[in-house]
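J.: Supplied in structure tokens, the structure appears directly below.
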Amino acid sequence: QVQLVESGGGLVQAGGSLRLSCAASGRTFSSSTMGWFRQAPGKERESVAGISWNGGSAYYGDSVKGRFTISRDNAKNTVYLQMNSLKPEDTAVYYCAAARTIRGGLGYFVTGENNYWGQGTQVTVSS
């Protein structure tokens, strides 16, 4: 059974940093795109960042470009999201996702249509 377990969320002041981790189990995702989505109260889920299976390509949502960095460690079956210069509008539940397909593209991954999902971790940024 595939499981994606997020950690690292919490409460931080505006301008601060957090690092999210997502450990996958049940199968290897070393050949699959992985990444992060978020959903704030009353808003639709949005893609935050994605990283290709080999780490060679990355996608960032416009609202987080220049502030967030995604990385992965295939040996640990883990993906990370370093979040700097956090803003109150970054407050949301952050979900880890991993593509069900092998070597799929980032463009399809960020639609969220065919991914495994974690349970989510709350990130709250106070002003």
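Going through the structure tokens in order, the chains are called A, B, and so on, while each chain numbers its residues from 1 and the ligands are numbered from 1 in the order shown.
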Among the residues of region 6-108 of chain A, find those DSSP assigns to strand (DSSP E or B) from the backbone and print them as a VMD selection string.
T.: chain A and resid 6 to 7 10 to 13 18 to 25 34 to 39 46 to 51 58 to 60 68 to 73 78 to 83 92 to 99
J.: Generate a file of the selected residues that holds C-alpha atoms, formatted as an mmCIF file, in the first residue's frame.
T.:
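New file selection-v2.cif:
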```cif
data_model
loop_
_atom_site.group_PDB
_atom_site.id
_atom_site.type_symbol
_atom_site.label_atom_id
_atom_site.label_comp_id
_atom_site.auth_asym_id
_atom_site.auth_seq_id
_atom_site.Cartn_x
_atom_site.Cartn_y
_atom_site.Cartn_z
ATOM 1 C CA GLU A 6 4.303 14.761 5.197
ATOM 2 C CA SER A 7 6.107 16.457 8.047
ATOM 3 C CA GLY A 10 3.634 24.424 11.683
ATOM 4 C CA LEU A 11 3.176 28.030 12.712
ATOM 5 C CA VAL A 12 5.703 30.626 11.611
ATOM 6 C CA GLN A 13 5.831 34.393 11.446
ATOM 7 C CA LEU A 18 9.830 26.079 6.982
ATOM 8 C CA ARG A 19 10.988 22.875 5.358
ATOM 9 C CA LEU A 20 8.438 20.259 4.448
ATOM 10 C CA SER A 21 9.362 16.630 3.922
ATOM 11 C CA CYS A 22 7.387 13.828 2.337
ATOM 12 C CA ALA A 23 8.481 10.243 2.798
ATOM 13 C CA ALA A 24 6.978 7.706 0.428
ATOM 14 C CA SER A 25 6.568 4.006 1.074
ATOM 15 C CA MET A 34 6.727 14.249 -7.195
ATOM 16 C CA GLY A 35 5.694 17.543 -5.728
ATOM 17 C CA TRP A 36 3.461 19.674 -3.588
ATOM 18 C CA PHE A 37 0.002 21.164 -3.759
ATOM 19 C CA ARG A 38 -1.827 23.327 -1.265
ATOM 20 C CA GLN A 39 -5.345 24.278 -0.372
ATOM 21 C CA GLU A 46 -3.344 24.737 -6.374
ATOM 22 C CA SER A 47 -0.064 23.283 -7.505
ATOM 23 C CA VAL A 48 2.918 24.672 -5.634
ATOM 24 C CA ALA A 49 5.935 22.850 -6.996
ATOM 25 C CA GLY A 50 6.888 19.705 -8.880
ATOM 26 C CA ILE A 51 10.152 17.968 -9.633
ATOM 27 C CA ALA A 58 11.211 21.694 -11.655
ATOM 28 C CA TYR A 59 7.971 23.633 -11.766
ATOM 29 C CA TYR A 60 6.884 26.405 -9.415
ATOM 30 C CA PHE A 68 10.274 28.053 -2.472
ATOM 31 C CA THR A 69 12.688 25.346 -3.576
ATOM 32 C CA ILE A 70 11.785 21.742 -4.253
ATOM 33 C CA SER A 71 14.279 18.891 -4.087
ATOM 34 C CA ARG A 72 14.261 15.132 -3.813
ATOM 35 C CA ASP A 73 16.381 12.257 -2.563
ATOM 36 C CA THR A 78 11.590 11.545 -0.216
ATOM 37 C CA VAL A 79 10.731 14.960 -1.597
ATOM 38 C CA TYR A 80 11.306 18.255 0.173
ATOM 39 C CA LEU A 81 9.958 21.786 -0.038
ATOM 40 C CA GLN A 82 12.067 24.591 1.386
ATOM 41 C CA MET A 83 9.842 27.596 1.972
ATOM 42 C CA ALA A 92 -2.819 26.379 3.722
ATOM 43 C CA VAL A 93 -2.786 22.637 4.059
ATOM 44 C CA TYR A 94 0.120 21.371 2.010
ATOM 45 C CA TYR A 95 -0.213 18.024 0.294
ATOM 46 C CA CYS A 96 2.543 15.845 -1.048
ATOM 47 C CA ALA A 97 1.812 14.118 -4.329
ATOM 48 C CA ALA A 98 3.531 11.482 -6.427
ATOM 49 C CA ALA A 99 2.643 10.559 -9.964
#
```
J.: Could you go through chain A and tell me which residues DSSP, when run on the backbone, assigns to helix (DSSP H, G or I), listing them as number ranges by chain?
T.: A: 88-90, 106-109
J.: With all heavy atoms retained, could you export that selection as a PDB file, in the first residue's frame?
T.:
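Written out: result_22.pdb:
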```pdb
ATOM      1  N   PRO A  88       1.588  35.544   4.860  1.00  0.00           N
ATOM      2  CA  PRO A  88       0.307  35.041   5.391  1.00  0.00           C
ATOM      3  C   PRO A  88      -0.525  34.317   4.335  1.00  0.00           C
ATOM      4  O   PRO A  88      -1.236  33.357   4.660  1.00  0.00           O
ATOM      5  CB  PRO A  88      -0.378  36.319   5.881  1.00  0.00           C
ATOM      6  CG  PRO A  88       0.749  37.219   6.254  1.00  0.00           C
ATOM      7  CD  PRO A  88       1.822  36.942   5.237  1.00  0.00           C
ATOM      8  N   GLU A  89      -0.412  34.746   3.087  1.00  0.00           N
ATOM      9  CA  GLU A  89      -1.181  34.094   2.027  1.00  0.00           C
ATOM     10  C   GLU A  89      -0.657  32.708   1.673  1.00  0.00           C
ATOM     11  O   GLU A  89      -1.276  31.995   0.881  1.00  0.00           O
ATOM     12  CB  GLU A  89      -1.235  34.974   0.768  1.00  0.00           C
ATOM     13  CG  GLU A  89       0.092  35.484   0.300  1.00  0.00           C
ATOM     14  CD  GLU A  89       0.383  36.899   0.797  1.00  0.00           C
ATOM     15  OE1 GLU A  89       0.129  37.179   1.998  1.00  0.00           O
ATOM     16  OE2 GLU A  89       0.855  37.710  -0.009  1.00  0.00           O
ATOM     17  N   ASP A  90       0.454  32.310   2.253  1.00  0.00           N
ATOM     18  CA  ASP A  90       0.942  30.944   2.071  1.00  0.00           C
ATOM     19  C   ASP A  90       0.254  29.973   3.040  1.00  0.00           C
ATOM     20  O   ASP A  90       0.456  28.753   2.940  1.00  0.00           O
ATOM     21  CB  ASP A  90       2.453  30.864   2.302  1.00  0.00           C
ATOM     22  CG  ASP A  90       3.250  31.615   1.246  1.00  0.00           C
ATOM     23  OD1 ASP A  90       2.900  31.501   0.055  1.00  0.00           O
ATOM     24  OD2 ASP A  90       4.216  32.300   1.627  1.00  0.00           O
ATOM     25  N   LEU A 106       5.930  17.060 -16.097  1.00  0.00           N
ATOM     26  CA  LEU A 106       5.497  17.993 -15.064  1.00  0.00           C
ATOM     27  C   LEU A 106       4.163  18.623 -15.403  1.00  0.00           C
ATOM     28  O   LEU A 106       3.351  18.891 -14.530  1.00  0.00           O
ATOM     29  CB  LEU A 106       6.557  19.078 -14.848  1.00  0.00           C
ATOM     30  CG  LEU A 106       7.774  18.693 -14.026  1.00  0.00           C
ATOM     31  CD1 LEU A 106       8.894  19.707 -14.218  1.00  0.00           C
ATOM     32  CD2 LEU A 106       7.412  18.559 -12.556  1.00  0.00           C
ATOM     33  N   GLY A 107       3.957  18.882 -16.672  1.00  0.00           N
ATOM     34  CA  GLY A 107       2.725  19.527 -17.092  1.00  0.00           C
ATOM     35  C   GLY A 107       1.486  18.743 -16.707  1.00  0.00           C
ATOM     36  O   GLY A 107       0.487  19.318 -16.290  1.00  0.00           O
ATOM     37  N   TYR A 108       1.575  17.435 -16.841  1.00  0.00           N
ATOM     38  CA  TYR A 108       0.438  16.604 -16.461  1.00  0.00           C
ATOM     39  C   TYR A 108       0.356  16.452 -14.956  1.00  0.00           C
ATOM     40  O   TYR A 108      -0.722  16.464 -14.373  1.00  0.00           O
ATOM     41  CB  TYR A 108       0.563  15.229 -17.117  1.00  0.00           C
ATOM     42  CG  TYR A 108      -0.587  14.300 -16.827  1.00  0.00           C
ATOM     43  CD1 TYR A 108      -1.902  14.655 -17.131  1.00  0.00           C
ATOM     44  CD2 TYR A 108      -0.374  13.064 -16.223  1.00  0.00           C
ATOM     45  CE1 TYR A 108      -2.958  13.805 -16.865  1.00  0.00           C
ATOM     46  CE2 TYR A 108      -1.434  12.199 -15.955  1.00  0.00           C
ATOM     47  CZ  TYR A 108      -2.710  12.580 -16.280  1.00  0.00           C
ATOM     48  OH  TYR A 108      -3.761  11.734 -16.003  1.00  0.00           O
ATOM     49  N   PHE A 109       1.483  16.338 -14.317  1.00  0.00           N
ATOM     50  CA  PHE A 109       1.519  16.152 -12.866  1.00  0.00           C
ATOM     51  C   PHE A 109       0.804  17.290 -12.141  1.00  0.00           C
ATOM     52  O   PHE A 109       0.050  17.048 -11.200  1.00  0.00           O
ATOM     53  CB  PHE A 109       2.969  16.080 -12.384  1.00  0.00           C
ATOM     54  CG  PHE A 109       3.098  16.060 -10.890  1.00  0.00           C
ATOM     55  CD1 PHE A 109       2.894  14.896 -10.174  1.00  0.00           C
ATOM     56  CD2 PHE A 109       3.425  17.222 -10.197  1.00  0.00           C
ATOM     57  CE1 PHE A 109       3.004  14.885  -8.782  1.00  0.00           C
ATOM     58  CE2 PHE A 109       3.546  17.216  -8.819  1.00  0.00           C
ATOM     59  CZ  PHE A 109       3.329  16.046  -8.110  1.00  0.00           C
TER      60      PHE A 109
END
```
J.: Of the candidates A:Val64, A:Trp117, A:Gly15, A:Phe29, which one gets nearest to Lys76 (chain A) if we count only C-alpha atoms?
T.: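 So, comparing all the options, the nearest one is A:Phe29.
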J.: Which residues, written as JSON, numbers by chain, have at least one atom at most 10 Å from Ala14 (chain A), with only C-alpha atoms counted and residues fewer than 5 positions away on the same chain left out?
T.: {"A": [84, 85, 86, 87, 88, 89, 90, 124, 125, 126, 127]}
J.: Pick out the closest residue to Arg103 (chain A) from this set: A:Gly66, A:Gly56, A:Gly118, A:Gly61. Count only C-alpha atoms.
T.: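 Among A:Gly66, A:Gly56, A:Gly118, A:Gly61, it is A:Gly56 that comes nearest to Arg103 (chain A).
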